[in-house]
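J.: I have a structure here, written as structure tokens, and I will follow up with some questions on it.
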Amino acid sequence: MRVALFVTCLVDLMRPRIGFAAIELLEAAGCEVVVPASQTCCGQPAWNSGDKSSAAKLAKKVIAEFEGYETIVAPSGSCADHIRSEYPVILADEPDWHARAVALASRIYELTDFLVNVAKLDKLPGNFTGSITYHDSCTGLRSLGIKAQPRALLAQLPGVEFKEMNGAEECCGFGGTFSVKFGEVAAAIAEKKCNNACATGAQAIVGGDLGCLLNIEGKLRRMGDERTRVMHIAEVLTAKE
């Protein structure tokens, strides 16, 4: 199967190794992976900020770059959902683009969902050893149903001790522009998430959206925790340690 990887702008700019880990996982599942070089942002920040014009321009750019591929995968539930759920809304007034948006929406997957439900990956390239707790990102969980998939993949790693945290499904406080507009509220939510995660005693907090992970890691470090690792699930599933 030929798969196009939508890297996401956060991964590209902040933690490119997640993108490389995603490629390794897709190739382990037998996929031929293509990474369109001109890709940038899906437009979610613009849309969330009320800038429909910029969001529409970016949506059209992504559609033009990826519509030639049968399957598109993103290591982010929020980006995958934005393309799947919001592009048809953003372009609703432009019939041709709307049809193209709907067509693309049916072919994009979040990474763990694709690996479990489409590629049926049953042999992971990594051998991570340690205790882990998992944060369920809001959009991936509520819009795409990403819950069992990452846990099923982690269960394939014999060296992983999984420790479920209280409030695993609760927001981390990031919410894209929410954390900018409502900083004090976001910080309090993030502190609760960090306390719940640390109460498990897990060595690593793992998730599937880098925005959440950067927010959690930033709060952890400001709270004085320099020990707990914060990792994207793709990094865990490919880790050689």
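Here's how to read the names in the structure tokens: chain A, B, ... by the order shown, residue numbers from 1 in each chain, ligand numbers from 1 in the order shown.
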Compile the contact shell of range 71-83 of chain A as a PyMOL selection string: residues with an atom at most 8 Å away, counting only C-alpha atoms, same-chain residues fewer than 6 positions apart removed.
T.: chain A and resi 2-8+18-19+22+42+44+59+101+104-105+107-112+114+137+139-141+143-144+146+208-210+234
J.: With N, CA and C atoms kept, could you save the residues just selected as a CSV table (one decimal), in the first residue's frame?
T.:
chain,number,residue,atom,x,y,z
A,2,ARG,N,0.5,2.2,-0.9
A,2,ARG,CA,1.3,3.5,-0.9
A,2,ARG,C,0.6,4.5,0.0
A,3,VAL,N,1.3,5.1,0.9
A,3,VAL,CA,0.8,6.0,1.9
A,3,VAL,C,1.5,7.3,1.8
A,4,ALA,N,0.8,8.4,1.9
A,4,ALA,CA,1.4,9.7,2.0
A,4,ALA,C,1.3,10.2,3.4
A,5,LEU,N,2.4,10.6,4.0
A,5,LEU,CA,2.5,11.0,5.4
A,5,LEU,C,2.3,12.5,5.4
A,6,PHE,N,1.3,13.0,6.2
A,6,PHE,CA,1.1,14.4,6.5
A,6,PHE,C,1.9,14.6,7.8
A,7,VAL,N,3.0,15.2,7.8
A,7,VAL,CA,3.9,15.3,8.9
A,7,VAL,C,3.4,16.1,10.1
A,8,THR,N,2.7,17.2,9.8
A,8,THR,CA,2.2,18.2,10.7
A,8,THR,C,3.3,19.2,10.9
A,18,ILE,N,9.6,12.4,15.4
A,18,ILE,CA,8.3,11.8,15.3
A,18,ILE,C,7.9,11.4,13.9
A,19,GLY,N,8.2,12.3,13.0
A,19,GLY,CA,7.9,12.0,11.6
A,19,GLY,C,8.7,10.8,11.1
A,22,ALA,N,7.2,7.7,12.5
A,22,ALA,CA,6.0,7.4,11.8
A,22,ALA,C,6.3,6.6,10.5
A,42,CYS,N,-2.0,22.3,8.2
A,42,CYS,CA,-3.3,22.0,7.8
A,42,CYS,C,-4.3,23.1,7.9
A,44,GLN,N,-5.4,24.4,10.8
A,44,GLN,CA,-6.3,24.4,12.0
A,44,GLN,C,-6.1,25.6,12.9
A,59,ALA,N,-6.4,24.8,3.3
A,59,ALA,CA,-7.1,23.6,3.0
A,59,ALA,C,-6.9,23.2,1.5
A,101,ALA,N,-12.7,18.1,-1.1
A,101,ALA,CA,-12.4,18.0,0.4
A,101,ALA,C,-13.1,16.8,0.9
A,104,LEU,N,-11.1,13.7,-0.1
A,104,LEU,CA,-9.8,13.6,0.7
A,104,LEU,C,-10.1,13.1,2.1
A,105,ALA,N,-11.2,13.7,2.7
A,105,ALA,CA,-11.6,13.4,4.1
A,105,ALA,C,-11.8,11.9,4.3
A,107,ARG,N,-10.1,9.5,3.1
A,107,ARG,CA,-8.9,8.8,3.0
A,107,ARG,C,-7.8,9.1,4.0
A,108,ILE,N,-8.1,9.9,5.0
A,108,ILE,CA,-7.1,10.3,5.9
A,108,ILE,C,-7.3,9.6,7.3
A,109,TYR,N,-6.2,9.2,7.9
A,109,TYR,CA,-6.2,8.4,9.1
A,109,TYR,C,-5.2,9.0,10.1
A,110,GLU,N,-5.6,8.9,11.4
A,110,GLU,CA,-4.6,9.1,12.4
A,110,GLU,C,-3.7,7.9,12.5
A,111,LEU,N,-2.4,8.1,12.9
A,111,LEU,CA,-1.4,7.0,12.7
A,111,LEU,C,-1.8,5.7,13.4
A,112,THR,N,-2.1,5.8,14.7
A,112,THR,CA,-2.4,4.5,15.4
A,112,THR,C,-3.7,3.8,14.9
A,114,PHE,N,-4.7,3.9,11.8
A,114,PHE,CA,-4.3,3.2,10.6
A,114,PHE,C,-3.5,1.9,10.9
A,137,SER,N,-5.8,12.5,23.9
A,137,SER,CA,-6.0,13.9,23.4
A,137,SER,C,-7.5,14.1,23.0
A,139,THR,N,-9.3,15.8,20.8
A,139,THR,CA,-9.9,15.7,19.4
A,139,THR,C,-9.8,14.3,18.9
A,140,GLY,N,-8.7,13.7,19.1
A,140,GLY,CA,-8.5,12.3,18.6
A,140,GLY,C,-9.5,11.4,19.3
A,141,LEU,N,-9.7,11.5,20.6
A,141,LEU,CA,-10.6,10.7,21.4
A,141,LEU,C,-12.1,10.9,21.0
A,143,SER,N,-13.5,12.9,18.5
A,143,SER,CA,-13.9,13.0,17.1
A,143,SER,C,-13.5,11.8,16.2
A,144,LEU,N,-12.4,11.1,16.6
A,144,LEU,CA,-12.0,10.0,15.8
A,144,LEU,C,-12.0,8.7,16.5
A,146,ILE,N,-10.1,7.6,19.0
A,146,ILE,CA,-8.7,7.1,19.3
A,146,ILE,C,-8.6,6.8,20.8
A,208,GLY,N,-0.6,11.0,21.6
A,208,GLY,CA,-0.5,11.0,20.1
A,208,GLY,C,-0.6,12.3,19.4
A,209,ASP,N,-0.6,13.4,20.2
A,209,ASP,CA,-0.6,14.7,19.6
A,209,ASP,C,0.5,15.6,20.2
A,210,LEU,N,1.4,16.1,19.4
A,210,LEU,CA,2.5,16.8,19.9
A,210,LEU,C,2.1,18.1,20.6
A,234,ALA,N,4.6,7.2,18.6
A,234,ALA,CA,5.5,6.8,17.5
A,234,ALA,C,6.9,6.6,18.0
J.: Please provide as a PyMOL selection string all residues within 10 Å of Leu58 in chain A, with the sequence filter that same-chain residues fewer than 6 positions apart are discarded (counting only C-alpha atoms).
T.: chain A and resi 39-44+46-47+52+64+87
J.: Please compute the CA of Gly176 in chain A-CA of Asn215 in chain A distance, one decimal, in Å.
T.: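 Computing it gives 9.9 Å between the two atoms.
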J.: Find the residues near range 190-198 of chain A: any atom within 6 Å, counting only C-alpha atoms, skip ones fewer than 2 places away on the same chain, and give them as a JSON list (two decimals) with all heavy atoms, in the first residue's frame.
T.:
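Produced file out_35.json, reproduced below:
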[["chain", "number", "residue", "atom", "x", "y", "z"],
["A", 165, "MET", "N", -3.70, 6.48, 34.17],
["A", 165, "MET", "CA", -3.85, 7.60, 35.10],
["A", 165, "MET", "C", -5.33, 7.95, 35.30],
["A", 165, "MET", "O", -6.18, 7.65, 34.46],
["A", 165, "MET", "CB", -3.11, 8.83, 34.56],
["A", 165, "MET", "CG", -3.82, 9.54, 33.41],
["A", 165, "MET", "SD", -3.06, 11.12, 32.98],
["A", 165, "MET", "CE", -1.87, 10.59, 31.72],
["A", 166, "ASN", "N", -5.64, 8.55, 36.43],
["A", 166, "ASN", "CA", -6.96, 9.13, 36.63],
["A", 166, "ASN", "C", -7.14, 10.29, 35.64],
["A", 166, "ASN", "O", -6.22, 11.07, 35.43],
["A", 166, "ASN", "CB", -7.12, 9.64, 38.06],
["A", 166, "ASN", "CG", -7.20, 8.53, 39.08],
["A", 166, "ASN", "OD1", -7.67, 7.44, 38.78],
["A", 166, "ASN", "ND2", -6.74, 8.78, 40.29],
["A", 172, "CYS", "N", -5.63, 18.41, 28.54],
["A", 172, "CYS", "CA", -4.36, 18.80, 29.15],
["A", 172, "CYS", "C", -4.26, 20.31, 29.29],
["A", 172, "CYS", "O", -3.30, 20.83, 29.87],
["A", 172, "CYS", "CB", -3.18, 18.29, 28.32],
["A", 172, "CYS", "SG", -2.96, 19.18, 26.75],
["A", 173, "GLY", "N", -5.23, 21.05, 28.73],
["A", 173, "GLY", "CA", -5.22, 22.50, 28.82],
["A", 173, "GLY", "C", -4.68, 23.21, 27.60],
["A", 173, "GLY", "O", -4.71, 24.44, 27.52],
["A", 187, "ALA", "N", -3.31, 26.70, 32.35],
["A", 187, "ALA", "CA", -2.23, 26.29, 33.25],
["A", 187, "ALA", "C", -2.75, 25.42, 34.39],
["A", 187, "ALA", "O", -2.11, 24.43, 34.78],
["A", 187, "ALA", "CB", -1.51, 27.52, 33.81],
["A", 188, "ALA", "N", -3.92, 25.76, 34.90],
["A", 188, "ALA", "CA", -4.51, 24.97, 35.99],
["A", 188, "ALA", "C", -4.91, 23.58, 35.51],
["A", 188, "ALA", "O", -4.72, 22.58, 36.21],
["A", 188, "ALA", "CB", -5.73, 25.70, 36.56],
["A", 200, "THR", "N", 0.86, 8.12, 39.01],
["A", 200, "THR", "CA", 0.96, 6.71, 38.61],
["A", 200, "THR", "C", 2.36, 6.16, 38.85],
["A", 200, "THR", "O", 2.56, 4.94, 38.89],
["A", 200, "THR", "CB", 0.63, 6.52, 37.11],
["A", 200, "THR", "OG1", 1.65, 7.17, 36.31],
["A", 200, "THR", "CG2", -0.73, 7.11, 36.77],
["A", 201, "GLY", "N", 3.34, 7.06, 38.95],
["A", 201, "GLY", "CA", 4.73, 6.63, 39.09],
["A", 201, "GLY", "C", 5.36, 6.21, 37.78],
["A", 201, "GLY", "O", 6.48, 5.69, 37.76]]
J.: Any chance you could list, as number ranges by chain, the residues in range 92-150 of chain A that come up alpha helix (DSSP H) when DSSP is run on the backbone?
T.: A: 95-105, 111-113, 138-144, 148-150
J.: Using the chain letters and numbers from this document, which residues of range 14-211 of chain A does DSSP assign to strand (DSSP E), as a list in words?
T.: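 Reading the DSSP output for range 14-211 of chain A, strand (DSSP E) covers Glu32, Val33, Val34, Thr71, Ile72, Val73, Ala74, Ile108, Tyr109, Glu110, Gly130, Ser131, Ile132, Thr133, Tyr134, Val160, Glu161, Phe162, Ala204, Ile205, Val206 and Gly207 of chain A.
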